[in-house]
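*Asks:* For reference, the file model-v8.cif (mmCIF, C-alpha atoms and all ligand atoms) is included below:
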data_final
#
loop_
_atom_site.group_PDB
_atom_site.id
_atom_site.type_symbol
_atom_site.label_atom_id
_atom_site.label_comp_id
_atom_site.auth_asym_id
_atom_site.auth_seq_id
_atom_site.Cartn_x
_atom_site.Cartn_y
_atom_site.Cartn_z
ATOM 1 C CA MET A 1 7.637 -30.662 -2.591
ATOM 2 C CA VAL A 2 5.840 -28.306 -4.967
ATOM 3 C CA LYS A 3 7.934 -27.038 -7.876
ATOM 4 C CA ILE A 4 7.154 -23.568 -9.166
ATOM 5 C CA LYS A 5 8.108 -22.740 -12.764
ATOM 6 C CA LEU A 6 10.462 -19.788 -13.183
ATOM 7 C CA ASN A 7 8.115 -17.973 -15.551
ATOM 8 C CA LYS A 8 5.482 -18.117 -12.777
ATOM 9 C CA LEU A 9 7.935 -16.431 -10.446
ATOM 10 C CA ARG A 10 8.398 -13.661 -13.017
ATOM 11 C CA GLU A 11 4.627 -13.149 -12.828
ATOM 12 C CA GLY A 12 5.057 -12.461 -9.142
ATOM 13 C CA VAL A 13 3.661 -15.672 -7.698
ATOM 14 C CA ILE A 14 6.128 -16.181 -4.868
ATOM 15 C CA PRO A 15 4.107 -18.013 -2.239
ATOM 16 C CA GLY A 16 5.916 -16.587 0.785
ATOM 17 C CA PRO A 17 4.877 -13.935 3.297
ATOM 18 C CA LYS A 18 4.723 -10.455 1.837
ATOM 19 C CA PRO A 19 4.124 -7.204 3.611
ATOM 20 C CA VAL A 20 1.117 -5.156 2.674
ATOM 21 C CA ALA A 21 0.793 -1.442 3.200
ATOM 22 C CA LEU A 22 -1.303 1.474 2.063
ATOM 23 C CA VAL A 23 0.563 4.144 0.157
ATOM 24 C CA THR A 24 -1.036 7.571 0.333
ATOM 25 C CA CYS A 25 -0.370 10.307 -2.185
ATOM 26 C CA GLY A 26 -1.749 13.405 -3.856
ATOM 27 C CA GLU A 27 -2.796 16.670 -2.289
ATOM 28 C CA PRO A 28 -4.467 17.084 1.124
ATOM 29 C CA GLU A 29 -7.695 18.033 -0.700
ATOM 30 C CA LYS A 30 -7.479 15.451 -3.483
ATOM 31 C CA SER A 31 -5.767 12.389 -2.078
ATOM 32 C CA ASN A 32 -5.464 8.776 -3.044
ATOM 33 C CA ILE A 33 -4.661 5.432 -1.421
ATOM 34 C CA ILE A 34 -3.113 2.396 -3.139
ATOM 35 C CA THR A 35 -2.515 -1.067 -1.655
ATOM 36 C CA VAL A 36 1.036 -2.301 -2.256
ATOM 37 C CA SER A 37 2.976 -5.401 -1.454
ATOM 38 C CA TYR A 38 6.147 -4.197 -3.153
ATOM 39 C CA VAL A 39 7.279 -2.160 -0.185
ATOM 40 C CA GLY A 40 10.320 -2.392 2.041
ATOM 41 C CA GLN A 41 13.311 -0.782 3.654
ATOM 42 C CA LEU A 42 16.443 -0.366 1.515
ATOM 43 C CA SER A 43 18.810 1.230 4.001
ATOM 44 C CA ASN A 44 18.683 3.532 7.006
ATOM 45 C CA GLY A 45 16.011 6.104 6.302
ATOM 46 C CA LEU A 46 15.362 4.801 2.790
ATOM 47 C CA MET A 47 12.350 2.777 1.678
ATOM 48 C CA TYR A 48 10.953 1.754 -1.680
ATOM 49 C CA VAL A 49 7.527 1.127 -3.126
ATOM 50 C CA GLY A 50 6.944 -0.633 -6.468
ATOM 51 C CA ILE A 51 4.007 0.817 -8.379
ATOM 52 C CA ARG A 52 3.006 -0.060 -11.947
ATOM 53 C CA PRO A 53 3.031 2.843 -14.425
ATOM 54 C CA SER A 54 -0.672 2.260 -15.133
ATOM 55 C CA ARG A 55 -1.761 3.123 -11.566
ATOM 56 C CA TYR A 56 -3.294 6.507 -10.880
ATOM 57 C CA SER A 57 -1.038 6.709 -7.783
ATOM 58 C CA ASN A 58 2.060 6.438 -9.980
ATOM 59 C CA ARG A 59 1.061 9.683 -11.694
ATOM 60 C CA LEU A 60 0.319 11.448 -8.413
ATOM 61 C CA ILE A 61 3.648 10.474 -6.842
ATOM 62 C CA ARG A 62 5.585 11.601 -9.937
ATOM 63 C CA LYS A 63 3.768 14.928 -9.797
ATOM 64 C CA ASN A 64 4.196 15.677 -6.075
ATOM 65 C CA LYS A 65 7.495 13.823 -5.506
ATOM 66 C CA LYS A 66 6.306 12.535 -2.153
ATOM 67 C CA PHE A 67 4.251 9.732 -0.646
ATOM 68 C CA GLY A 68 3.243 8.137 2.645
ATOM 69 C CA ILE A 69 3.486 4.498 3.753
ATOM 70 C CA ASN A 70 0.825 3.389 6.235
ATOM 71 C CA TYR A 71 1.093 -0.088 7.752
ATOM 72 C CA MET A 72 -2.226 -1.520 8.888
ATOM 73 C CA ASP A 73 -3.842 -3.767 11.487
ATOM 74 C CA THR A 74 -5.786 -6.895 10.425
ATOM 75 C CA LYS A 75 -9.014 -5.208 11.501
ATOM 76 C CA PHE A 76 -8.809 -3.096 8.322
ATOM 77 C CA VAL A 77 -8.346 -6.024 5.927
ATOM 78 C CA LYS A 78 -11.510 -5.139 3.979
ATOM 79 C CA GLU A 79 -10.427 -1.548 3.472
ATOM 80 C CA VAL A 80 -6.878 -2.593 2.516
ATOM 81 C CA ASP A 81 -8.163 -5.010 -0.121
ATOM 82 C CA TYR A 82 -10.670 -2.449 -1.396
ATOM 83 C CA CYS A 83 -7.877 0.089 -2.015
ATOM 84 C CA GLY A 84 -6.244 -2.552 -4.219
ATOM 85 C CA LEU A 85 -9.403 -3.293 -6.185
ATOM 86 C CA VAL A 86 -10.502 0.131 -7.362
ATOM 87 C CA SER A 87 -8.740 3.166 -8.811
ATOM 88 C CA GLY A 88 -8.620 6.663 -7.404
ATOM 89 C CA ARG A 89 -9.448 7.796 -10.937
ATOM 90 C CA ASP A 90 -12.996 6.578 -10.300
ATOM 91 C CA VAL A 91 -13.572 6.826 -6.541
ATOM 92 C CA ASP A 92 -12.511 8.742 -3.460
ATOM 93 C CA LYS A 93 -11.019 5.894 -1.411
ATOM 94 C CA PHE A 94 -10.793 7.982 1.769
ATOM 95 C CA LYS A 95 -14.537 8.536 1.526
ATOM 96 C CA ILE A 96 -15.528 4.899 0.895
ATOM 97 C CA THR A 97 -13.155 3.367 3.483
ATOM 98 C CA LYS A 98 -14.091 6.083 6.015
ATOM 99 C CA PHE A 99 -10.404 6.403 6.902
ATOM 100 C CA THR A 100 -9.615 9.636 8.692
ATOM 101 C CA LYS A 101 -7.262 11.826 6.699
ATOM 102 C CA LYS A 102 -4.424 13.285 8.728
ATOM 103 C CA VAL A 103 -2.116 15.662 6.884
ATOM 104 C CA GLY A 104 1.479 14.940 7.859
ATOM 105 C CA ASN A 105 4.431 17.253 8.497
ATOM 106 C CA ILE A 106 5.340 17.629 4.814
ATOM 107 C CA GLY A 107 1.773 17.784 3.547
ATOM 108 C CA ILE A 108 1.188 14.144 2.721
ATOM 109 C CA PRO A 109 -2.302 12.823 3.435
ATOM 110 C CA LEU A 110 -1.855 10.001 5.970
ATOM 111 C CA ILE A 111 -4.266 7.490 7.487
ATOM 112 C CA GLU A 112 -5.056 8.335 11.108
ATOM 113 C CA GLU A 113 -6.114 4.709 11.849
ATOM 114 C CA SER A 114 -2.647 3.416 10.867
ATOM 115 C CA PRO A 115 -0.429 2.476 13.837
ATOM 116 C CA LEU A 116 2.635 3.472 11.764
ATOM 117 C CA SER A 117 2.643 6.128 9.047
ATOM 118 C CA ILE A 118 5.824 7.404 7.436
ATOM 119 C CA GLU A 119 6.297 10.373 5.097
ATOM 120 C CA TYR A 120 8.812 10.284 2.249
ATOM 121 C CA VAL A 121 10.179 12.529 -0.438
ATOM 122 C CA VAL A 122 11.106 10.792 -3.682
ATOM 123 C CA ASP A 123 14.848 10.366 -4.058
ATOM 124 C CA GLU A 124 14.923 8.310 -7.262
ATOM 125 C CA ILE A 125 12.553 6.514 -9.636
ATOM 126 C CA LEU A 126 13.708 3.279 -11.292
ATOM 127 C CA ARG A 127 12.065 0.947 -13.765
ATOM 128 C CA LYS A 128 12.316 -2.723 -12.723
ATOM 129 C CA GLY A 129 10.195 -5.407 -14.375
ATOM 130 C CA GLU A 130 6.568 -4.328 -14.445
ATOM 131 C CA HIS A 131 7.018 -1.667 -11.805
ATOM 132 C CA ASN A 132 8.451 1.732 -11.141
ATOM 133 C CA ILE A 133 10.447 1.617 -7.954
ATOM 134 C CA PHE A 134 10.034 4.855 -6.032
ATOM 135 C CA ILE A 135 12.875 5.236 -3.546
ATOM 136 C CA GLY A 136 11.844 7.527 -0.734
ATOM 137 C CA GLU A 137 13.820 9.361 1.930
ATOM 138 C CA VAL A 138 12.119 9.434 5.315
ATOM 139 C CA ARG A 139 10.966 12.853 6.458
ATOM 140 C CA SER A 140 8.738 11.977 9.407
ATOM 141 C CA ILE A 141 7.390 9.007 11.319
ATOM 142 C CA ARG A 142 4.078 8.851 13.133
ATOM 143 C CA ARG A 143 3.681 5.910 15.468
ATOM 144 C CA ARG A 144 0.758 5.213 17.762
ATOM 145 C CA GLU A 145 1.457 3.250 20.908
ATOM 146 C CA ILE A 146 -1.252 0.650 20.524
ATOM 147 C CA ARG A 147 -1.352 -3.112 20.372
ATOM 148 C CA VAL A 148 -1.124 -4.141 16.713
ATOM 149 C CA ASP A 149 -1.915 -7.310 14.813
ATOM 150 C CA TRP A 150 0.072 -6.472 11.654
ATOM 151 C CA LEU A 151 -1.489 -7.411 8.342
ATOM 152 C CA PHE A 152 0.507 -9.285 5.703
ATOM 153 C CA HIS A 153 -0.351 -11.655 2.844
ATOM 154 C CA ASN A 154 0.987 -14.510 0.728
ATOM 155 C CA GLY A 155 -0.446 -13.465 -2.620
ATOM 156 C CA PHE A 156 -3.695 -15.322 -2.045
ATOM 157 C CA LYS A 157 -4.727 -14.781 1.576
ATOM 158 C CA TYR A 158 -4.274 -12.045 4.163
ATOM 159 C CA PHE A 159 -2.865 -13.066 7.532
ATOM 160 C CA GLY A 160 -2.524 -11.781 11.054
ATOM 161 C CA LYS A 161 -1.030 -13.453 14.095
ATOM 162 C CA ASN A 162 -3.992 -15.845 14.375
ATOM 163 C CA GLY A 163 -4.005 -16.994 10.752
ATOM 164 C CA SER A 164 -6.000 -16.079 7.670
ATOM 165 C CA VAL A 165 -8.314 -13.053 7.772
ATOM 166 C CA GLY A 166 -9.586 -13.022 4.182
ATOM 167 C CA ASN A 167 -8.844 -13.572 0.519
ATOM 168 C CA VAL A 168 -6.816 -11.160 -1.605
ATOM 169 C CA TYR A 169 -8.847 -9.343 -4.303
ATOM 170 C CA GLU A 170 -12.030 -10.659 -2.674
ATOM 171 C CA ILE A 171 -12.763 -9.409 0.829
ATOM 172 C CA GLY A 172 -12.645 -5.745 -0.244
ATOM 173 C CA LYS A 173 -15.507 -6.304 -2.689
ATOM 174 C CA ARG A 174 -17.803 -5.934 0.324
ATOM 175 C CA LEU A 175 -17.109 -2.197 0.148
ATOM 176 C CA ILE A 176 -18.000 -1.925 -3.544
ATOM 177 C CA ASN A 177 -21.445 -0.482 -4.203
ATOM 178 C CA ILE A 178 -22.224 0.112 -0.552
HETATM 179 C C1 LIG B 1 -2.697 -7.182 -1.675
HETATM 180 C C2 LIG B 1 -2.455 -6.298 -2.856
HETATM 181 C C3 LIG B 1 -1.168 -5.879 -3.156
HETATM 182 C C4 LIG B 1 -0.919 -5.043 -4.252
HETATM 183 N N1 LIG B 1 0.375 -4.648 -4.504
HETATM 184 C C5 LIG B 1 0.617 -3.783 -5.534
HETATM 185 C C6 LIG B 1 1.947 -3.292 -5.733
HETATM 186 O O1 LIG B 1 2.882 -3.580 -4.984
HETATM 187 N N2 LIG B 1 2.135 -2.442 -6.785
HETATM 188 C C7 LIG B 1 1.121 -2.069 -7.634
HETATM 189 O O2 LIG B 1 1.359 -1.297 -8.601
HETATM 190 N N3 LIG B 1 -0.151 -2.503 -7.444
HETATM 191 C C8 LIG B 1 -0.427 -3.345 -6.409
HETATM 192 N N4 LIG B 1 -1.704 -3.790 -6.179
HETATM 193 C C9 LIG B 1 -2.791 -3.341 -7.081
HETATM 194 C C10 LIG B 1 -3.230 -1.892 -6.817
HETATM 195 O O3 LIG B 1 -3.415 -1.677 -5.434
HETATM 196 C C11 LIG B 1 -4.549 -1.618 -7.575
HETATM 197 O O4 LIG B 1 -4.355 -1.761 -8.962
HETATM 198 C C12 LIG B 1 -5.180 -0.264 -7.244
HETATM 199 O O5 LIG B 1 -6.526 -0.308 -7.650
HETATM 200 C C13 LIG B 1 -4.490 0.904 -7.942
HETATM 201 O O6 LIG B 1 -5.082 2.076 -7.470
HETATM 202 P P1 LIG B 1 -4.883 3.531 -8.140
HETATM 203 O O7 LIG B 1 -5.230 3.419 -9.611
HETATM 204 O O8 LIG B 1 -5.857 4.383 -7.375
HETATM 205 O O9 LIG B 1 -3.466 3.942 -7.938
HETATM 206 C C14 LIG B 1 -1.995 -4.617 -5.083
HETATM 207 C C15 LIG B 1 -3.302 -5.017 -4.774
HETATM 208 C C16 LIG B 1 -3.536 -5.845 -3.667
HETATM 209 C C17 LIG B 1 -4.950 -6.248 -3.337
#
Translate this structure into structure tokens?
Ligand SMILES: Cc1cc2nc3c(=O)[nH]c(=O)nc-3n(C[C@H](O)[C@H](O)[C@H](O)COP(=O)(O)O)c2cc1C
*Replies:*
Amino acid sequence: MVKIKLNKLREGVIPGPKPVALVTCGEPEKSNIITVSYVGQLSNGLMYVGIRPSRYSNRLIRKNKKFGINYMDTKFVKEVDYCGLVSGRDVDKFKITKFTKKVGNIGIPLIEESPLSIEYVVDEILRKGEHNIFIGEVRSIRRREIRVDWLFHNGFKYFGKNGSVGNVYEIGKRLINI
């Protein structure tokens, strides 16, 4: 048995399966994408995302009071990791990933390639640990009827149904300086 020190857990190193999603925010013309693992459903129609105050996306969501959650297939592991490596302050992530921007029902830029994109308006913003927790109320759901191999991770590696598909904070570097 491997023992993990409690202070390590406070740093976020919980070696279990975590979801991973792309949060989209900003305006249809000037949009951003951030990779998050602090994402989940709180109650019917309510989800949360945890985003550090230092992220550019944090500022955009506070300004517009809305955001999108886009779950992804393993085939986009490189793009997902890339969106967690670089900041929208410096690059246009839609441009580099070549994701198709699809403006949703309430004006949120969504990712066309996502099998499941959901639009939210911000209901409440909390401060918990290192993160701001944005609680969002669902406004619309866009689901594509395709076969999906959902992407998740354990803090170190990304996984799909057939096992590991790449290393976290590594595989996306292939899109830097292309
Ligand atoms: C797999 C993965 C999960 C991440 N999860 C989060 C998260 O839940 N919250 C967060 O603030 N940053 C998270 N990050 C880091 C941000 O995605 C990263 O700092 C990003 O460059 C911020 O982009 P922005 O400045 O354009 O908002 C994660 C990164 C990766 C690779």
*Asks:* List the residues selected by the PyMOL selection byres (((chain A and resi 122-134) around 8) and not hetatm) in the file shown, writing them as an NGL selection string.
*Replies:* :A and (48-53 or 65-67 or 120-121 or 135-137)
*Asks:* Show me which residues line ligand LIG 1 (chain B), defined as having an atom within 6 Å of a ligand atom where all atoms listed in the file count, and present them as a PyMOL selection string.
*Replies:* chain A and resi 34-38+50-52+55-57+81+83-88+168-169
*Asks:* Looking at all atoms listed in the file, which of A:Gln41, A:Ile176, A:Asn64, A:Phe156 is the one that sits closest to Pro28 of chain A?
*Replies:* A:Asn64
*Asks:* Quick one: of A:Arg143, A:Arg62, A:Gly172, A:Asn154, who's nearest to Gly16 of chain A, counting only C-alpha atoms?
*Replies:*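 Closest to Gly16 of chain A, using only C-alpha atoms: A:Asn154.
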*Asks:* Can you list, as an MDAnalysis selection string, every protein, DNA or RNA residue that comes within 9 Å of segment 90-97 of chain A when you count all atoms listed in the file, leaving out same-chain residues fewer than 4 positions away?
*Replies:* chainID A and resid 30:34 78:80 82:83 86 101 111 175:176 178
*Asks:* Enumerate, as a list in words, the protein, DNA and RNA residues whose atoms approach (-6.3, -6.6, 12.5) to within 9 Å, taking into account only C-alpha atoms and the coordinate frame of the file.
*Replies:*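 Residues found, by chain and rising number: Met72, Asp73, Thr74, Lys75, Phe76, Val77, Val148, Asp149, Trp150, Leu151, Phe159, Gly160, Lys161 and Val165 of chain A.
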*Asks:* In Å, rounded to a single decimal, give me how far atom CA of Arg142 of chain A is from atom CA of Pro115 of chain A.
*Replies:* 7.8 Å
*Asks:* Find the distance between atom CA of Pro109 of chain A and atom CA of Glu29 of chain A and write it in Å to one decimal.
*Replies:* 8.6 Å
*Asks:* Measuring between all atoms listed in the file, which one of A:Ile108, A:Met47, A:Val103, A:Val39 shows the shortest distance to Gly68 of chain A?
*Replies:*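 Distance minimum relative to Gly68 of chain A lands on A:Ile108.
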*Asks:* How many Å separate atom CA of Asn105 of chain A from atom CA of Leu22 of chain A?
*Replies:*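 Value for the atom CA of Asn105 of chain A-atom CA of Leu22 of chain A distance: 18.0 Å.
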*Asks:* From the list A:His153, A:Thr100, A:Pro15, A:Gly45, which residue is nearest Glu119 of chain A when using all atoms listed in the file?
*Replies:* A:Gly45
*Asks:* Out of A:Pro17, A:Ser43, A:Glu27, A:Arg174, which residue has the shortest atom-to-atom distance to Ile106 of chain A when counting only C-alpha atoms?
*Replies:*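 For Ile106 of chain A, the nearest of the given residues is A:Glu27.
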